[in-house]
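Trainee: Contents of entry.txt (compact mmCIF, C-alpha atoms) are given next:
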# COMPACT_ATOMS: atom_id res chain seq x y z
CA MET A 24 0.00 0.00 0.00
CA ASP A 25 1.51 3.30 -1.02
CA ARG A 26 0.51 6.89 -0.28
CA ASP A 27 -2.30 6.90 -2.82
CA GLU A 28 -3.69 3.68 -1.41
CA ILE A 29 -3.59 5.02 2.14
CA ILE A 30 -5.51 8.08 0.98
CA ARG A 31 -7.94 5.85 -0.91
CA VAL A 32 -8.55 3.75 2.23
CA LEU A 33 -9.10 6.81 4.42
CA ARG A 34 -11.44 8.34 1.84
CA ALA A 35 -13.39 5.07 1.56
CA PHE A 36 -13.67 4.93 5.37
CA GLU A 37 -15.05 8.45 5.36
CA SER A 38 -17.54 7.84 2.56
CA ALA A 39 -18.74 4.58 4.13
CA GLY A 40 -19.25 6.34 7.46
CA LEU A 41 -16.98 3.88 9.27
CA GLU A 42 -16.61 4.66 12.97
CA TYR A 43 -12.92 4.21 13.61
CA VAL A 44 -9.94 5.69 15.34
CA LEU A 45 -6.43 5.51 13.92
CA ILE A 46 -3.90 4.22 16.46
CA GLY A 47 -0.30 2.99 16.28
CA ALA A 48 2.61 4.44 14.31
CA ALA A 49 0.43 6.26 11.77
CA ALA A 50 -1.45 8.01 14.56
CA MET A 51 1.84 8.99 16.19
CA ALA A 52 2.98 10.43 12.87
CA PHE A 53 -0.03 12.76 12.81
CA HIS A 54 1.25 14.09 16.13
CA GLY A 55 4.74 14.64 14.75
CA LEU A 56 6.39 11.46 16.03
CA VAL A 57 7.39 9.84 12.75
CA ARG A 58 8.74 6.31 12.40
CA ALA A 59 8.42 3.64 9.73
CA THR A 60 5.91 0.85 10.11
CA ALA A 61 4.51 -2.14 8.27
CA ASP A 62 0.89 -1.58 9.17
CA LEU A 63 -1.92 0.86 9.73
CA ASP A 64 -3.83 0.15 12.95
CA PHE A 65 -7.49 0.95 13.35
CA LEU A 66 -9.77 0.49 16.32
CA ILE A 67 -13.35 0.34 15.08
CA ARG A 68 -16.69 0.49 16.86
CA ALA A 69 -17.71 -3.08 17.56
CA THR A 70 -21.11 -3.36 15.90
CA SER A 71 -22.18 -5.54 12.99
CA GLU A 72 -23.35 -2.42 11.10
CA ASN A 73 -19.91 -0.87 11.46
CA ILE A 74 -18.16 -4.05 10.34
CA GLU A 75 -20.37 -4.03 7.24
CA ARG A 76 -19.21 -0.43 6.63
CA LEU A 77 -15.62 -1.65 6.96
CA ARG A 78 -16.20 -4.31 4.30
CA THR A 79 -17.91 -1.79 2.03
CA ALA A 80 -15.03 0.66 2.38
CA LEU A 81 -12.34 -1.95 1.75
CA ARG A 82 -14.18 -3.28 -1.32
CA GLU A 83 -14.30 0.26 -2.65
CA ALA A 84 -10.62 0.89 -1.91
CA PHE A 85 -9.38 -2.45 -3.29
CA GLN A 86 -11.64 -3.08 -6.28
CA GLY A 87 -13.73 -5.76 -4.64
CA ASP A 88 -10.85 -7.97 -3.53
CA PRO A 89 -12.69 -11.26 -2.72
CA ASN A 90 -10.51 -11.80 0.38
CA ILE A 91 -12.50 -9.01 2.06
CA ASN A 92 -15.48 -11.40 2.32
CA GLU A 93 -13.52 -13.27 4.99
CA ILE A 94 -13.84 -10.32 7.36
CA SER A 95 -16.88 -11.19 9.45
CA SER A 96 -18.89 -9.79 12.34
CA SER A 97 -18.94 -13.17 14.02
CA ASP A 98 -15.14 -13.11 14.21
CA LEU A 99 -14.59 -9.46 15.09
CA LEU A 100 -17.40 -9.46 17.66
CA GLY A 101 -16.45 -12.89 18.94
CA ASP A 102 -13.19 -14.72 19.45
CA TYR A 103 -11.10 -12.80 16.90
CA PRO A 104 -11.05 -9.08 17.80
CA ALA A 105 -7.95 -8.54 15.64
CA VAL A 106 -8.06 -8.98 11.87
CA ARG A 107 -5.13 -8.34 9.56
CA TYR A 108 -5.92 -7.48 5.96
CA SER A 109 -3.02 -7.53 3.53
CA PRO A 110 -4.33 -6.01 0.28
CA PRO A 111 -3.39 -7.24 -3.19
CA THR A 112 -0.78 -4.53 -3.74
CA GLY A 113 1.89 -2.64 -1.86
CA ASP A 114 3.85 -3.17 1.35
CA LEU A 115 1.62 -1.90 4.13
CA TYR A 116 -1.26 -3.87 5.58
CA LEU A 117 -4.19 -3.02 7.85
CA ASP A 118 -4.71 -4.28 11.38
CA VAL A 119 -8.34 -3.78 12.40
CA LEU A 120 -9.29 -4.21 16.03
CA THR A 121 -12.61 -4.16 17.84
CA ARG A 122 -10.96 -4.23 21.25
CA LEU A 123 -7.45 -4.05 22.60
CA GLY A 124 -7.47 -6.49 25.51
CA LYS A 125 -9.00 -4.74 28.48
CA VAL A 126 -7.06 -1.56 27.71
CA ALA A 127 -9.12 0.05 24.98
CA SER A 128 -12.10 -0.01 22.67
CA PHE A 129 -13.48 2.54 20.20
CA GLU A 130 -15.63 4.04 22.95
CA THR A 131 -12.79 4.50 25.42
CA VAL A 132 -10.13 6.04 23.18
CA ASP A 133 -10.06 9.84 22.97
CA ALA A 134 -9.56 11.07 19.44
CA GLU A 135 -9.25 14.25 17.43
CA LEU A 136 -9.87 15.02 13.78
CA LYS A 137 -6.90 15.62 11.49
CA ASP A 138 -7.02 16.59 7.86
CA VAL A 139 -5.08 14.83 5.14
CA GLY A 140 -5.80 15.55 1.50
CA GLY A 141 -9.20 16.99 2.42
CA ILE A 142 -10.18 13.86 4.37
CA SER A 143 -11.04 14.01 8.06
CA VAL A 144 -9.09 11.33 9.86
CA ARG A 145 -10.05 10.37 13.41
CA VAL A 146 -6.73 10.00 15.22
CA ALA A 147 -6.14 8.88 18.81
CA THR A 148 -4.81 11.69 21.01
CA PRO A 149 -1.25 11.52 22.33
CA ALA A 150 -2.57 10.77 25.83
CA ALA A 151 -4.76 7.95 24.51
CA LEU A 152 -1.85 6.48 22.55
CA TYR A 153 0.30 6.70 25.65
CA ARG A 154 -2.29 4.84 27.74
CA MET A 155 -2.39 2.08 25.12
CA THR A 156 1.37 1.62 24.88
CA LYS A 157 2.67 2.16 28.40
CA GLY A 158 3.10 -0.96 30.44
CA THR A 159 3.07 -3.27 27.43
CA VAL A 160 5.74 -5.90 26.87
CA ARG A 161 6.72 -5.12 23.26
CA LEU A 162 9.87 -3.03 23.04
CA GLN A 163 8.52 -0.90 20.21
CA ASP A 164 5.47 0.00 22.31
CA GLN A 165 7.72 0.94 25.22
CA ALA A 166 9.78 3.18 22.94
CA ASP A 167 6.59 4.77 21.60
CA ALA A 168 5.31 5.35 25.13
CA THR A 169 8.56 7.03 26.12
CA ALA A 170 8.52 9.25 23.04
CA LEU A 171 4.90 10.27 23.67
CA ARG A 172 5.49 10.96 27.35
CA GLU A 173 8.53 13.12 26.68
CA ARG A 174 7.13 15.00 23.70
CA PHE A 175 3.78 15.80 25.28
CA ASN A 176 4.86 15.98 28.93
CA LEU A 177 2.47 13.20 29.89
CA LYS A 178 2.38 11.86 33.41
CA SER A 179 3.51 8.25 33.79
CA MET B 20 22.84 23.78 12.56
CA PRO B 21 24.31 20.76 10.73
CA VAL B 22 26.24 19.36 13.73
CA GLN B 23 24.98 19.18 17.30
CA LYS B 24 26.94 17.80 20.24
CA PHE B 25 25.57 16.17 23.38
CA ARG B 26 27.09 15.05 26.64
CA SER B 27 24.80 12.02 26.90
CA ILE B 28 22.12 10.06 25.08
CA GLU B 29 19.58 11.53 27.51
CA GLU B 30 20.59 15.05 26.52
CA MET B 31 20.40 14.03 22.87
CA ASN B 32 16.88 12.62 23.32
CA LYS B 33 15.73 15.86 24.91
CA ALA B 34 17.02 18.04 22.08
CA PRO B 35 14.28 19.76 20.10
CA GLU B 36 13.30 17.99 16.90
CA PRO B 37 14.53 19.62 13.71
CA SER B 38 11.72 21.52 12.05
CA TYR B 39 10.43 20.06 8.80
CA GLU B 40 8.54 21.92 6.15
CA GLU B 41 6.90 18.69 5.06
CA PRO B 42 3.74 17.77 7.04
CA PRO B 43 4.29 14.82 9.44
CA PHE B 44 1.88 12.52 7.59
CA GLU B 45 3.72 13.04 4.30
CA ARG B 46 7.05 12.44 6.03
CA PHE B 47 5.62 9.25 7.55
CA VAL B 48 4.50 7.94 4.16
CA ARG B 49 7.84 8.78 2.58
CA LEU B 50 9.77 7.14 5.41
CA CYS B 51 7.69 3.96 5.16
CA ALA B 52 8.31 3.83 1.40
CA GLN B 53 12.05 4.22 1.93
CA TYR B 54 12.06 1.59 4.65
CA TRP B 55 10.26 -0.95 2.49
CA ALA B 56 12.52 -0.20 -0.47
CA ILE B 57 15.54 -1.07 1.68
CA ALA B 58 14.01 -4.02 3.52
CA PRO B 59 11.05 -5.43 1.60
CA ASN B 60 9.14 -7.90 3.72
CA PRO B 61 5.66 -8.24 2.25
CA TYR B 62 3.12 -9.96 4.47
CA PRO B 63 1.17 -12.74 2.73
CA ARG B 64 -1.93 -11.41 0.96
CA GLY B 65 -5.37 -11.94 2.40
CA VAL B 66 -7.20 -11.86 5.73
CA PHE B 67 -5.78 -13.26 8.97
CA LYS B 68 -7.61 -13.52 12.28
CA PHE B 69 -6.14 -13.27 15.77
CA ARG B 70 -7.51 -13.70 19.27
CA SER B 71 -5.51 -10.74 20.58
CA ILE B 72 -3.16 -7.96 19.49
CA GLU B 73 -0.31 -9.91 21.07
CA GLU B 74 -1.11 -12.90 18.84
CA ALA B 75 -1.14 -10.58 15.80
CA GLN B 76 2.21 -9.07 16.78
CA LYS B 77 3.70 -12.53 17.28
CA ALA B 78 2.57 -13.59 13.79
CA ARG B 79 4.21 -10.51 12.30
CA LEU B 80 7.45 -11.19 14.15
CA GLU B 81 7.49 -14.83 13.06
CA HIS B 82 6.87 -13.79 9.47
CA SER B 83 9.73 -11.26 9.60
CA MET B 84 12.11 -13.86 11.00
CA LEU B 85 11.16 -16.40 8.33
CA GLU B 86 11.63 -13.83 5.57
CA ARG B 87 15.04 -12.81 6.86
CA ARG B 88 16.18 -16.41 7.15
CA GLY B 89 15.44 -16.92 3.46
CA PRO B 90 14.85 -20.21 1.67
CA GLN B 91 16.24 -23.28 3.44
CA VAL B 92 18.41 -25.48 1.22
Show me this structure written as structure tokens.

Mentor:
Amino acid sequence: MDRDEIIRVLRAFESAGLEYVLIGAAAMAFHGLVRATADLDFLIRATSENIERLRTALREAFQGDPNINEISSSDLLGDYPAVRYSPPTGDLYLDVLTRLGKVASFETVDAELKDVGGISVRVATPAALYRMTKGTVRLQDQADATALRERFNLKS
Amino acid sequence: MPVQKFRSIEEMNKAPEPSYEEPPFERFVRLCAQYWAIAPNPYPRGVFKFRSIEEAQKARLEHSMLERRGPQV
């Protein structure tokens, strides 16, 4: 997925009315903390209607890729709250989450709107990103938490 | 200021970021493209399901390690 594809995905999310919040490295980039990543992480509202919007948006963005049919409400609302979609082209893939352990869900993550190419992108706030990454085991998350805390003077 | 000197890594980490004219999102996209040009590691195409974010992260790590190991002969 290249720049144009990212824009296409975000535009499709907007036009489908998907309720989401961008988290992870891409969200940090919107706040000025830029690092490379392999994926775009989205936390979405966990309803079957919203998951249908997700499928609609991805079909629009990726010309009806049949793999998208494998994304189901029964999984995302049940035992599989994390779904990875690797589209037919490009290097980046999407991680879509309906909940992040007991730490976060769409409803509990504070977000703000950012503009990119005329598209409103709902991005987790620095404090919300910090809450999600602090205290996790993964080294990259710990580094992200440290960067967020220092840049935005967040309390640990 | 092309060269900056620091007495420690902590002092270096606290130094103000250089200012970029390019918006952060554009810089992010460019950096990702550069990264993948240097170290391509495409994830298999399709949809993959995980019981937790930790399980998803583990799958990504295992994939990266397999890719770096290359074909076994």

Trainee: Rank nothing, just name the residue among A:Ala168, A:Val119, A:Ala147, A:Leu152 nearest to chain B, using only C-alpha atoms.

Mentor: A:Val119

Trainee: Based on only C-alpha atoms, which of the residues in chain B come within 8 Å of chain A? I want them as a list in words.

Mentor: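 Taking only C-alpha atoms into account, Lys33, Pro43, Phe44, Arg46, Phe47, Val48, Leu50, Cys51, Ala52, Tyr54, Trp55, Pro59, Asn60, Pro61, Tyr62, Pro63, Arg64, Gly65, Val66, Phe67, Lys68, Phe69, Arg70, Ser71, Ile72 and Ala75 of chain B sit within 8 Å of chain A.
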
Trainee: What gap, in Å, lies between CA of Glu28 in chain A and CA of Phe85 in chain A?

Mentor: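 Computed distance, CA of Glu28 in chain A to CA of Phe85 in chain A, equals 8.6 Å.
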
Trainee: Work out how far CA of Ala39 in chain A is from CA of Arg49 in chain B, in Å to one decimal.

Mentor: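 According to the coordinates, CA of Arg49 in chain B and CA of Ala39 in chain A are separated by 27.0 Å.
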
Trainee: Excluding same-chain residues fewer than 6 positions from Phe175 in chain A, what lies within 10 Å of it counting all atoms listed in the file, as a ChimeraX atom specification?

Mentor: /A:54,149-150,153

Trainee: Would you list the residues near (-11.6, 11.1, 1.4) (no more than 9 Å away, in the coordinates of the file, using all atoms listed in the file) as a count of residues only?

Mentor: 15

Trainee: CA of Leu136 in chain A and CA of Glu41 in chain B are how many Å apart?

Mentor: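 Between CA of Leu136 in chain A and CA of Glu41 in chain B the gap is 19.3 Å.
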
Trainee: If you take every atom of range 95-114 of chain A that the file lists and fit an axis-aligned box around them with 5 Å extra on each side, what centre and edge lengths come out in Å to one decimal, as JSON?

Mentor:
{"center_x": -7.5, "center_y": -8.7, "center_z": 7.9, "size_x": 32.8, "size_y": 22.1, "size_z": 33.2}

Trainee: I want to know what sits within 8 Å of Phe129 in chain A, based on all atoms listed in the file, with residues of the same chain fewer than 5 positions away left out; could you give that as a PDB file with C-alpha atoms, keeping the file's coordinate frame?

Mentor:
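Written file, result.pdb:
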ATOM      1  CA  TYR A  43     -12.920   4.210  13.610  1.00  0.00           C
ATOM      2  CA  VAL A  44      -9.940   5.690  15.340  1.00  0.00           C
ATOM      3  CA  LEU A  66      -9.770   0.490  16.320  1.00  0.00           C
ATOM      4  CA  ILE A  67     -13.350   0.340  15.080  1.00  0.00           C
ATOM      5  CA  ARG A  68     -16.690   0.490  16.860  1.00  0.00           C
ATOM      6  CA  ALA A  69     -17.710  -3.080  17.560  1.00  0.00           C
ATOM      7  CA  THR A 121     -12.610  -4.160  17.840  1.00  0.00           C
ATOM      8  CA  ARG A 122     -10.960  -4.230  21.250  1.00  0.00           C
TER       9      ARG A 122
END
